[in-house]
Amino acid sequence: MTRYQLQKKEYIQKMFAGISQRYDFLNSFLSLGRDRYWRGFAASKLPPGLILDVCSGTGDVAIEVSNKSDVIATDFCREMLQLCTGKLNDRDICNVSCVQSDAENLSFKDETFNGAIVAFGIRNVADIKKSLSEMSRVVKKGGKVVILEFSQPRNPVFKSVYFFYFQKILPVIGAVISKKKGAYSYLPSSVMAFPERSKFIEIMRESGIKEIYLYDLTFGIATVYAGCKS
Ligand SMILES: C[S@@+](CC[C@H](N)C(=O)[O-])C[C@H]1O[C@@H](n2cnc3c(N)ncnc32)[C@H](O)[C@@H]1O
């Protein structure tokens with residue numbers, strides 16, 4: 001791992017620890033409630049059986065998936081996982097277990113899960129290909145790998161309006177509410193730096209994932225990539 005990757009990992013871990021208390025509120029506030037629909041759509045692409053939720057954060061995907069499957073929710077940020085555990089306890093959800101684990105070095109045996117999902121997490125990892133390869137490794141042959149991530153909208157008119165909100169307004173609201181200046185400026189810059197759709201599909205293929213379908217949601221603000229382990 002390069003020095004830059006190590007620095008990014010440390011920065012991300014601290015950043016999410018710092019905003020963890022306001023994370024859920026800001027998520028739905030800044031996305032005007034669409035985040036719930038996006039996660040539900042992504043979760044609907046998973047098969048039944050044991051599911052791994054990578055970069056689970058406060059566990060919203062894990063909770064969604066727990067309606068039909070047993071789930072292991074992982075994240076490397078203890079503060080986020082503590083909030084996830086609290087939500088599971090409050091809702092009496094017993095089929096989700098939380099495990100602190102690095103997405104780039106998952107602490108599970110090969111071919112353990114029927115499916116793996118990562119929502120708004122892959123953009124934050126230091127090495128995208130390593131994390132996708134890890135998800136592919138722990139999924140059974142023929143199992144599903146599903147990724148939900150922000151994208152750049154395709155329509156140029158919508159894109160310019162959206163980017164004005166995303167780059168100018170959202171960071172200000174995020175900073176005021178979370179009381180952390182950098183976190184919500186990092187969000188738009190990380191989306192801009194994230195590989196464009198066809199490039200990301202190429203990285204998925206190189207990581208052992210095939211038969212990849214892409215679904216643009218809400219004018220292409222978010223995209224779901226669903227593939228199979230080859
Ligand atoms: C934007 S949040 C997404 C949380 C959740 N999946 C959701 O849909 O709201 C990204 C999460 O990825 C986690 N994360 C980032 N890099 C990670 C890594 N290398 N290993 C494990 N978790 C990581 C962060 O701690 C954070 O909780």
# chains A, B, ... in the order shown; residues from 1 in each chain; ligands from 1
$ select_by_dssp --residues "range 63-95 of chain A" --states "strand (DSSP E or B)" --output "ChimeraX atom specification"
/A:71-75
$ residues_near_ligand --ligand "ligand 1" --cutoff "6 Å" --atoms "only C-alpha atoms and all ligand atoms" --output "NGL selection string"
:A and (13 or 16 or 55-57 or 60-61 or 75-77 or 80 or 101-104 or 119-121 or 124-125)
$ write_last_selection --atoms "C-alpha atoms" --output "PDB file, in the first residue's frame"
ATOM      1  CA  GLN A  13     -11.626   6.668   9.185  1.00  0.00           C
ATOM      2  CA  PHE A  16     -16.482   9.252   9.452  1.00  0.00           C
ATOM      3  CA  CYS A  55     -18.615  -0.247   4.477  1.00  0.00           C
ATOM      4  CA  SER A  56     -21.921  -0.647   6.299  1.00  0.00           C
ATOM      5  CA  GLY A  57     -21.591   2.560   8.305  1.00  0.00           C
ATOM      6  CA  ASP A  60     -29.068   1.187   6.738  1.00  0.00           C
ATOM      7  CA  VAL A  61     -28.358  -1.299   3.943  1.00  0.00           C
ATOM      8  CA  ASP A  75     -16.910  -1.251   8.522  1.00  0.00           C
ATOM      9  CA  PHE A  76     -13.501  -0.110   9.728  1.00  0.00           C
ATOM     10  CA  CYS A  77     -14.921   2.831  11.679  1.00  0.00           C
ATOM     11  CA  MET A  80     -20.212   4.164  12.758  1.00  0.00           C
ATOM     12  CA  SER A 101     -13.180  -5.127   9.188  1.00  0.00           C
ATOM     13  CA  ASP A 102     -11.225  -3.369   6.460  1.00  0.00           C
ATOM     14  CA  ALA A 103     -12.852  -3.572   3.020  1.00  0.00           C
ATOM     15  CA  GLU A 104      -9.419  -4.108   1.495  1.00  0.00           C
ATOM     16  CA  ALA A 119     -23.388   1.361  -0.668  1.00  0.00           C
ATOM     17  CA  PHE A 120     -21.589   4.697  -0.978  1.00  0.00           C
ATOM     18  CA  GLY A 121     -18.442   3.031   0.341  1.00  0.00           C
ATOM     19  CA  ASN A 124     -13.955   6.002  -0.083  1.00  0.00           C
ATOM     20  CA  VAL A 125     -11.601   3.041  -0.095  1.00  0.00           C
TER      21      VAL A 125
END
$ closest_residue --among "A:Leu26, A:Pro153, A:Phe194, A:Ser185" --to "Gln167 in chain A" --atoms "only C-alpha atoms"
A:Ser185
$ select_by_dssp --residues "range 2-218 of chain A" --states "helix (DSSP H, G or I)" --output "ChimeraX atom specification"
/A:3-30,34-43,60-65,78-90,122-124,128-138,156-178,183-193,197-206
$ write_last_selection --atoms "C-alpha atoms" --output "tab-separated table (two decimals), in the first residue's frame"
chain	number	residue	atom	x	y	z
A	3	ARG	CA	1.86	6.27	1.48
A	4	TYR	CA	-0.99	8.15	-0.21
A	5	GLN	CA	-3.32	5.16	0.24
A	6	LEU	CA	-2.42	4.85	3.93
A	7	GLN	CA	-3.02	8.56	4.45
A	8	LYS	CA	-6.38	8.37	2.68
A	9	LYS	CA	-7.43	5.42	4.85
A	10	GLU	CA	-6.56	7.27	8.05
A	11	TYR	CA	-8.26	10.46	6.85
A	12	ILE	CA	-11.46	8.59	5.91
A	13	GLN	CA	-11.63	6.67	9.18
A	14	LYS	CA	-11.26	9.87	11.23
A	15	MET	CA	-13.66	11.79	9.01
A	16	PHE	CA	-16.48	9.25	9.45
A	17	ALA	CA	-15.80	8.99	13.19
A	18	GLY	CA	-16.15	12.79	13.33
A	19	ILE	CA	-19.47	13.03	11.47
A	20	SER	CA	-20.99	9.73	12.67
A	21	GLN	CA	-23.56	11.37	15.00
A	22	ARG	CA	-25.02	13.54	12.22
A	23	TYR	CA	-24.45	11.08	9.35
A	24	ASP	CA	-27.97	9.59	9.11
A	25	PHE	CA	-29.74	12.92	9.39
A	26	LEU	CA	-27.52	14.59	6.78
A	27	ASN	CA	-27.87	11.64	4.43
A	28	SER	CA	-31.61	11.91	4.14
A	29	PHE	CA	-31.71	15.70	4.43
A	30	LEU	CA	-29.15	16.35	1.68
A	34	ARG	CA	-33.90	9.61	-1.98
A	35	ASP	CA	-31.11	7.68	-0.22
A	36	ARG	CA	-33.65	5.24	1.21
A	37	TYR	CA	-35.01	4.41	-2.22
A	38	TRP	CA	-31.48	4.01	-3.64
A	39	ARG	CA	-30.48	1.56	-0.91
A	40	GLY	CA	-33.75	-0.38	-1.27
A	41	PHE	CA	-33.24	-0.68	-5.03
A	42	ALA	CA	-29.65	-1.91	-4.59
A	43	ALA	CA	-30.72	-4.40	-1.90
A	60	ASP	CA	-29.07	1.19	6.74
A	61	VAL	CA	-28.36	-1.30	3.94
A	62	ALA	CA	-27.90	-4.16	6.40
A	63	ILE	CA	-31.24	-3.27	8.01
A	64	GLU	CA	-32.96	-3.17	4.61
A	65	VAL	CA	-31.46	-6.54	3.61
A	78	ARG	CA	-15.89	1.78	15.22
A	79	GLU	CA	-18.04	4.88	15.83
A	80	MET	CA	-20.21	4.16	12.76
A	81	LEU	CA	-20.61	0.49	13.71
A	82	GLN	CA	-21.61	1.45	17.26
A	83	LEU	CA	-24.47	3.49	15.83
A	84	CYS	CA	-25.40	0.51	13.65
A	85	THR	CA	-25.50	-1.75	16.72
A	86	GLY	CA	-27.69	0.78	18.52
A	87	LYS	CA	-30.18	0.84	15.64
A	88	LEU	CA	-30.30	-2.97	15.50
A	89	ASN	CA	-31.01	-3.11	19.24
A	90	ASP	CA	-33.68	-0.39	19.06
A	122	ILE	CA	-16.34	2.00	-2.66
A	123	ARG	CA	-15.59	5.65	-3.49
A	124	ASN	CA	-13.95	6.00	-0.08
A	128	ILE	CA	-11.00	0.13	-5.35
A	129	LYS	CA	-9.80	-2.97	-7.20
A	130	LYS	CA	-8.49	-4.59	-4.01
A	131	SER	CA	-11.84	-4.06	-2.26
A	132	LEU	CA	-13.87	-5.39	-5.19
A	133	SER	CA	-11.56	-8.41	-5.41
A	134	GLU	CA	-12.10	-9.01	-1.70
A	135	MET	CA	-15.89	-8.86	-2.12
A	136	SER	CA	-15.61	-11.28	-5.03
A	137	ARG	CA	-13.33	-13.61	-3.02
A	138	VAL	CA	-15.75	-13.99	-0.09
A	156	PRO	CA	-25.83	18.26	-19.31
A	157	VAL	CA	-28.60	20.66	-18.20
A	158	PHE	CA	-29.55	18.64	-15.15
A	159	LYS	CA	-25.87	18.04	-14.45
A	160	SER	CA	-25.05	21.75	-14.23
A	161	VAL	CA	-27.99	22.48	-11.87
A	162	TYR	CA	-27.16	19.46	-9.75
A	163	PHE	CA	-23.46	20.28	-9.60
A	164	PHE	CA	-24.24	23.80	-8.43
A	165	TYR	CA	-26.18	22.29	-5.50
A	166	PHE	CA	-23.64	19.50	-4.93
A	167	GLN	CA	-20.50	21.63	-5.04
A	168	LYS	CA	-21.68	24.98	-3.69
A	169	ILE	CA	-24.70	24.45	-1.41
A	170	LEU	CA	-24.35	20.93	0.00
A	171	PRO	CA	-20.84	21.47	1.48
A	172	VAL	CA	-22.05	24.58	3.34
A	173	ILE	CA	-25.15	22.88	4.82
A	174	GLY	CA	-23.08	19.77	5.62
A	175	ALA	CA	-20.40	21.81	7.39
A	176	VAL	CA	-22.94	23.79	9.46
A	177	ILE	CA	-24.91	20.74	10.60
A	178	SER	CA	-22.00	18.31	11.13
A	183	ALA	CA	-16.31	16.19	5.26
A	184	TYR	CA	-18.97	17.61	2.98
A	185	SER	CA	-16.46	19.22	0.61
A	186	TYR	CA	-14.80	15.83	0.36
A	187	LEU	CA	-18.13	14.33	-0.85
A	188	PRO	CA	-18.36	16.22	-4.19
A	189	SER	CA	-14.63	16.01	-4.83
A	190	SER	CA	-14.63	12.24	-4.24
A	191	VAL	CA	-17.56	11.83	-6.66
A	192	MET	CA	-15.70	13.84	-9.30
A	193	ALA	CA	-12.60	11.67	-8.82
A	197	ARG	CA	-19.33	4.17	-15.35
A	198	SER	CA	-17.60	2.18	-18.12
A	199	LYS	CA	-14.22	2.43	-16.40
A	200	PHE	CA	-15.76	1.22	-13.14
A	201	ILE	CA	-17.33	-1.76	-14.91
A	202	GLU	CA	-13.90	-2.59	-16.32
A	203	ILE	CA	-12.44	-2.58	-12.78
A	204	MET	CA	-15.29	-4.85	-11.63
A	205	ARG	CA	-14.48	-7.30	-14.45
A	206	GLU	CA	-10.78	-7.26	-13.56
$ residues_around --residues "Cys228 in chain A" --least-positions-apart "5" --cutoff "6 Å" --atoms "only C-alpha atoms" --output "PyMOL selection string"
chain A and resi 142-145+209-211
$ closest_residue --among "A:Val71, A:Ala126, A:Leu106, A:Cys98" --to "Leu46 in chain A" --atoms "only C-alpha atoms"
A:Val71
$ residues_around --residues "Gly49 in chain A" --least-positions-apart "3" --cutoff "8 Å" --atoms "only C-alpha atoms" --output "MDAnalysis selection string"
chainID A and resid 69:70 113:115
$ closest_residue --among "A:Arg91, A:Arg154, A:Lys140, A:Lys180" --to "Ile51 in chain A" --atoms "only C-alpha atoms"
A:Lys140
$ atom_distance --atom1 "CA of Val146 in chain A" --atom2 "CA of Thr58 in chain A"
18.3 Å
$ atom_distance --atom1 "CA of Tyr225 in chain A" --atom2 "CA of Pro47 in chain A"
14.4 Å
$ atom_distance --atom1 "CA of Ser151 in chain A" --atom2 "CA of Val118 in chain A"
14.7 Å
$ closest_residue --among "A:Asp92, A:Val224, A:Val139, A:Thr74" --to "Ser107 in chain A" --atoms "only C-alpha atoms"
A:Thr74
